[in-house]
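File shown here: upload_8.cif, holding mmCIF, C-alpha atoms.
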```
data_query
loop_
_atom_site.label_atom_id
_atom_site.label_comp_id
_atom_site.auth_asym_id
_atom_site.auth_seq_id
_atom_site.Cartn_x
_atom_site.Cartn_y
_atom_site.Cartn_z
CA MET A 1241 120.75 -61.41 79.44
CA ILE A 1242 118.70 -60.55 82.49
CA SER A 1243 118.15 -63.31 85.05
CA PRO A 1244 114.50 -64.23 85.51
CA THR A 1245 114.97 -63.69 89.27
CA ALA A 1246 116.36 -60.16 88.84
CA SER A 1247 114.02 -57.24 89.49
CA VAL A 1248 114.34 -54.44 86.94
CA SER A 1249 112.07 -51.45 87.43
CA LYS A 1250 109.81 -50.55 84.53
CA LEU A 1251 111.24 -47.05 84.95
CA ALA A 1252 114.84 -48.20 84.38
CA ASP A 1253 116.34 -47.62 80.93
CA ILE A 1254 118.60 -50.36 79.60
CA GLU A 1255 119.50 -49.43 76.04
CA GLN A 1256 120.23 -52.03 73.41
CA SER A 1257 123.69 -51.93 71.87
CA THR A 1258 124.18 -51.12 68.20
CA ARG A 1259 127.70 -52.64 68.32
CA GLY A 1260 126.91 -56.02 69.84
CA THR A 1261 127.95 -55.36 73.43
CA SER A 1262 125.89 -57.11 76.08
CA VAL A 1263 124.30 -56.41 79.44
CA GLU A 1264 124.11 -59.26 81.95
CA ILE A 1265 122.19 -58.96 85.22
CA GLY A 1266 122.52 -61.75 87.79
CA ASP A 1267 120.10 -63.65 90.01
CA GLY A 1268 118.25 -61.62 92.61
CA THR A 1269 119.76 -58.32 91.53
CA VAL A 1270 117.60 -55.18 91.78
CA ILE A 1271 117.81 -52.37 89.24
CA ASP A 1272 115.78 -49.49 90.66
CA ALA A 1273 113.78 -46.79 88.89
CA PHE A 1274 115.64 -44.23 86.79
CA VAL A 1275 118.79 -46.31 86.42
CA LYS A 1276 120.32 -45.86 82.97
CA ILE A 1277 122.60 -48.44 81.36
CA LYS A 1278 123.99 -47.07 78.10
CA PRO A 1279 126.29 -48.88 75.65
CA VAL A 1280 128.57 -46.08 74.47
CA GLY A 1281 132.22 -45.18 74.04
CA GLY A 1282 133.69 -48.62 73.41
CA ALA A 1283 133.03 -52.31 72.92
CA GLY A 1284 132.82 -53.31 76.58
CA ASP A 1285 130.07 -55.34 78.18
CA VAL A 1286 128.20 -54.61 81.42
CA ARG A 1287 128.11 -57.54 83.83
CA ILE A 1288 126.28 -57.22 87.15
CA GLY A 1289 126.48 -60.16 89.54
CA ALA A 1290 123.91 -61.77 91.84
CA GLY A 1291 122.26 -60.09 94.80
CA THR A 1292 123.41 -56.61 93.82
CA TYR A 1293 121.31 -53.46 94.24
CA ILE A 1294 121.67 -50.49 91.87
CA ASN A 1295 119.72 -47.57 93.34
CA SER A 1296 117.74 -44.81 91.60
CA GLY A 1297 119.44 -42.31 89.37
CA CYS A 1298 122.60 -44.31 88.64
CA VAL A 1299 124.12 -44.19 85.15
CA ILE A 1300 126.38 -46.93 83.80
CA TYR A 1301 128.19 -46.31 80.50
CA SER A 1302 129.54 -49.57 79.01
CA GLY A 1303 132.60 -47.97 77.40
CA ASN A 1304 135.56 -50.27 78.00
CA GLY A 1305 133.51 -52.61 80.18
CA VAL A 1306 131.92 -52.56 83.61
CA THR A 1307 131.97 -55.60 85.88
CA ILE A 1308 130.10 -55.44 89.18
CA GLY A 1309 130.35 -58.44 91.49
CA ASP A 1310 127.87 -60.15 93.80
CA ASN A 1311 126.13 -58.49 96.76
CA VAL A 1312 127.22 -54.97 95.84
CA LEU A 1313 125.27 -51.91 96.97
CA VAL A 1314 125.35 -48.87 94.70
CA ALA A 1315 123.59 -45.89 96.28
CA ALA A 1316 121.57 -43.26 94.43
CA ASN A 1317 122.91 -41.07 91.64
CA CYS A 1318 126.26 -42.78 91.05
CA THR A 1319 128.00 -42.63 87.67
CA LEU A 1320 130.17 -45.43 86.29
CA ALA A 1321 131.91 -44.10 83.18
CA SER A 1322 134.39 -46.57 81.77
CA THR A 1323 135.47 -44.38 78.89
CA ASN A 1324 137.18 -41.01 78.40
CA HIS A 1325 136.87 -38.50 75.59
CA GLU A 1326 140.05 -37.55 73.78
CA PHE A 1327 140.73 -33.83 74.09
CA ARG A 1328 144.44 -33.21 73.46
CA SER A 1329 144.21 -31.61 70.02
CA ARG A 1330 143.36 -27.93 69.95
CA ASP A 1331 142.81 -28.14 66.19
CA ARG A 1332 139.70 -30.34 66.44
CA LEU A 1333 136.55 -30.10 68.49
CA ILE A 1334 136.52 -32.50 71.43
CA PHE A 1335 133.53 -34.46 70.13
CA GLN A 1336 135.43 -35.04 66.85
CA GLN A 1337 138.44 -36.61 68.61
CA GLY A 1338 136.79 -39.85 69.67
CA PHE A 1339 137.78 -41.70 72.80
CA MET A 1340 141.05 -42.29 74.64
CA PRO A 1341 142.56 -45.80 74.79
CA SER A 1342 141.10 -48.09 77.45
CA ARG A 1343 142.45 -48.03 80.99
CA GLY A 1344 140.82 -51.41 81.62
CA GLY A 1345 137.20 -50.54 82.22
CA ILE A 1346 135.67 -50.61 85.71
CA VAL A 1347 135.79 -53.57 88.10
CA VAL A 1348 133.84 -53.70 91.36
CA GLU A 1349 134.41 -56.91 93.31
CA ASP A 1350 131.93 -58.62 95.69
CA ASP A 1351 130.50 -57.13 98.91
CA VAL A 1352 131.25 -53.48 98.06
CA TRP A 1353 129.20 -50.44 99.07
CA ILE A 1354 129.41 -47.34 96.88
CA GLY A 1355 127.92 -44.22 98.52
CA ALA A 1356 125.52 -41.80 96.85
CA ASN A 1357 126.75 -39.46 94.12
CA SER A 1358 130.07 -41.26 93.69
CA VAL A 1359 131.82 -41.41 90.32
CA LEU A 1360 133.93 -44.29 89.00
CA VAL A 1361 136.05 -43.68 85.90
CA ASP A 1362 137.84 -45.92 83.42
CA GLY A 1363 140.53 -47.89 85.22
CA ALA A 1364 138.75 -47.90 88.60
CA VAL A 1365 139.07 -51.15 90.55
CA ILE A 1366 137.31 -51.58 93.88
CA ARG A 1367 138.44 -54.70 95.71
CA ARG A 1368 136.24 -57.00 97.77
CA GLY A 1369 134.51 -55.55 100.82
CA ALA A 1370 135.55 -51.94 100.25
CA VAL A 1371 133.33 -48.98 101.12
CA VAL A 1372 133.31 -45.78 99.05
CA GLY A 1373 131.92 -42.74 100.86
CA ALA A 1374 129.26 -40.53 99.33
CA GLY A 1375 130.47 -38.05 96.71
CA SER A 1376 133.82 -39.76 96.16
CA VAL A 1377 135.63 -40.11 92.82
CA VAL A 1378 137.39 -43.41 92.18
CA VAL A 1379 140.26 -43.09 89.70
CA GLY A 1380 142.46 -46.10 90.47
CA GLU A 1381 142.55 -49.25 92.60
CA LEU A 1382 141.03 -49.34 96.09
CA GLU A 1383 142.23 -52.11 98.40
CA ALA A 1384 140.00 -54.80 99.88
CA TYR A 1385 138.06 -53.95 103.06
CA GLY A 1386 139.18 -50.33 103.11
CA VAL A 1387 136.93 -47.32 103.65
CA PHE A 1388 137.61 -44.57 101.12
CA VAL A 1389 136.37 -40.99 100.80
CA GLY A 1390 137.13 -37.88 98.81
CA VAL A 1391 138.21 -36.59 95.44
CA PRO A 1392 140.10 -38.63 94.54
CA ALA A 1393 139.01 -41.36 96.94
CA ARG A 1394 141.62 -42.11 99.60
CA LEU A 1395 141.84 -44.63 102.43
CA VAL A 1396 140.60 -43.30 105.78
CA ARG A 1397 140.31 -46.59 107.70
CA ARG A 1398 139.85 -50.33 107.33
CA ARG A 1399 136.81 -52.48 108.06
CA THR A 1400 137.35 -54.68 111.11
#
```
Here is the file; what I need is its structure written in the form of structure tokens.
Amino acid sequence: MISPTASVSKLADIEQSTRGTSVEIGDGTVIDAFVKIKPVGGAGDVRIGAGTYINSGCVIYSGNGVTIGDNVLVAANCTLASTNHEFRSRDRLIFQQGFMPSRGGIVVEDDVWIGANSVLVDGAVIRRGAVVGAGSVVVGELEAYGVFVGVPARLVRRRT
């Protein structure tokens, strides 16, 4: 369900699920051109809150679920991949092994800024008010009101 007050670019690509997962986009949210939302890799839903801005070139894979809060800024070319391919067996091709068990999907709380070219993987949790620097990889939980950078993202200071 897309709120009637949301602005979704005609150049965005929000695919329909073949497994019944849903995409919800809140009031006043902006989905810019060339954003891709793809239901793949699990039965999770994508929920984007109110007043959020998803910038050009971002890709969101539903996988084990993606929840983005209110008033979140996601800069250009970010990837939110809430699923992981299984790869442990050498006797089978990777694409034949399916997906790993869920690590809880991705949760981004309210008032977060995610810098350009960042990657969030299954199990990533970004608490309220956090900032993720450009090019960072989020693999676990980031505390509220912290500023994080790097691969993997690590705390470098706190918002005052």
Here's the selection I'm unsure about, the PyMOL selection byres ((chain A and resi 1318) around 8); applied to the file above, which residues does it give, as an NGL selection string?
:A and (1297-1299 or 1314-1317 or 1319-1320 or 1355-1359)
Translate the PyMOL selection byres ((chain A and resi 1243-1257) around 12), as applied to the file shown, into an explicit residue set as number ranges by chain.
A: 1241-1242, 1258-1303
Quick one: residues within 9 Å of Arg1394 of chain A, only C-alpha atoms counted, chain neighbours fewer than 6 positions away excluded, as an MDAnalysis selection string?
chainID A and resid 1376 1378 1382 1387:1388
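Coordinates place atom CA of Gly1363 of chain A at a distance of 14.1 Å from atom CA of Phe1339 of chain A.
Taking all atoms listed in the file into account, the protein, DNA and RNA residues within 7 Å of (136.3, -47.4, 86.3) read Leu1320, Ala1321, Ser1322, Gly1345, Ile1346, Val1347, Leu1360, Val1361, Asp1362, Gly1363, Ala1364, Val1365 and Val1379 of chain A.
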Between atom CA of Ile1308 of chain A and atom CA of Val1352 of chain A, what distance in Å does the model show, to one decimal?
9.2 Å
A straight line from atom CA of Val1391 of chain A to atom CA of Ile1354 of chain A spans 14.0 Å
Starting from the incomplete input, reconstruct N, CA and C atoms of segment 1293-1305 of chain A and report them as a PDB file, in the frame of the given file.
```pdb
ATOM      1  N   TYR A1293     122.379 -54.459  94.271  1.00  0.00           N
ATOM      2  CA  TYR A1293     121.310 -53.460  94.240  1.00  0.00           C
ATOM      3  C   TYR A1293     121.874 -52.170  93.641  1.00  0.00           C
ATOM      4  N   ILE A1294     121.295 -51.753  92.515  1.00  0.00           N
ATOM      5  CA  ILE A1294     121.670 -50.490  91.870  1.00  0.00           C
ATOM      6  C   ILE A1294     120.511 -49.522  92.121  1.00  0.00           C
ATOM      7  N   ASN A1295     120.768 -48.471  92.891  1.00  0.00           N
ATOM      8  CA  ASN A1295     119.720 -47.570  93.340  1.00  0.00           C
ATOM      9  C   ASN A1295     119.362 -46.522  92.286  1.00  0.00           C
ATOM     10  N   SER A1296     118.285 -45.795  92.541  1.00  0.00           N
ATOM     11  CA  SER A1296     117.740 -44.810  91.600  1.00  0.00           C
ATOM     12  C   SER A1296     118.764 -43.782  91.158  1.00  0.00           C
ATOM     13  N   GLY A1297     118.644 -43.395  89.902  1.00  0.00           N
ATOM     14  CA  GLY A1297     119.440 -42.310  89.370  1.00  0.00           C
ATOM     15  C   GLY A1297     120.847 -42.660  88.948  1.00  0.00           C
ATOM     16  N   CYS A1298     121.243 -43.916  89.057  1.00  0.00           N
ATOM     17  CA  CYS A1298     122.600 -44.310  88.640  1.00  0.00           C
ATOM     18  C   CYS A1298     122.679 -44.402  87.121  1.00  0.00           C
ATOM     19  N   VAL A1299     123.861 -44.083  86.587  1.00  0.00           N
ATOM     20  CA  VAL A1299     124.120 -44.190  85.150  1.00  0.00           C
ATOM     21  C   VAL A1299     125.366 -45.035  84.968  1.00  0.00           C
ATOM     22  N   ILE A1300     125.256 -46.047  84.109  1.00  0.00           N
ATOM     23  CA  ILE A1300     126.380 -46.930  83.800  1.00  0.00           C
ATOM     24  C   ILE A1300     126.615 -46.863  82.296  1.00  0.00           C
ATOM     25  N   TYR A1301     127.795 -46.353  81.911  1.00  0.00           N
ATOM     26  CA  TYR A1301     128.190 -46.310  80.500  1.00  0.00           C
ATOM     27  C   TYR A1301     129.101 -47.509  80.241  1.00  0.00           C
ATOM     28  N   SER A1302     128.783 -48.330  79.251  1.00  0.00           N
ATOM     29  CA  SER A1302     129.540 -49.570  79.010  1.00  0.00           C
ATOM     30  C   SER A1302     130.987 -49.309  78.647  1.00  0.00           C
ATOM     31  N   GLY A1303     131.236 -48.348  77.773  1.00  0.00           N
ATOM     32  CA  GLY A1303     132.600 -47.970  77.400  1.00  0.00           C
ATOM     33  C   GLY A1303     133.529 -49.140  77.212  1.00  0.00           C
ATOM     34  N   ASN A1304     134.549 -49.210  78.076  1.00  0.00           N
ATOM     35  CA  ASN A1304     135.560 -50.270  78.000  1.00  0.00           C
ATOM     36  C   ASN A1304     135.221 -51.459  78.905  1.00  0.00           C
ATOM     37  N   GLY A1305     133.999 -51.502  79.375  1.00  0.00           N
ATOM     38  CA  GLY A1305     133.510 -52.610  80.180  1.00  0.00           C
ATOM     39  C   GLY A1305     133.321 -52.240  81.634  1.00  0.00           C
TER      40      GLY A1305
END
```
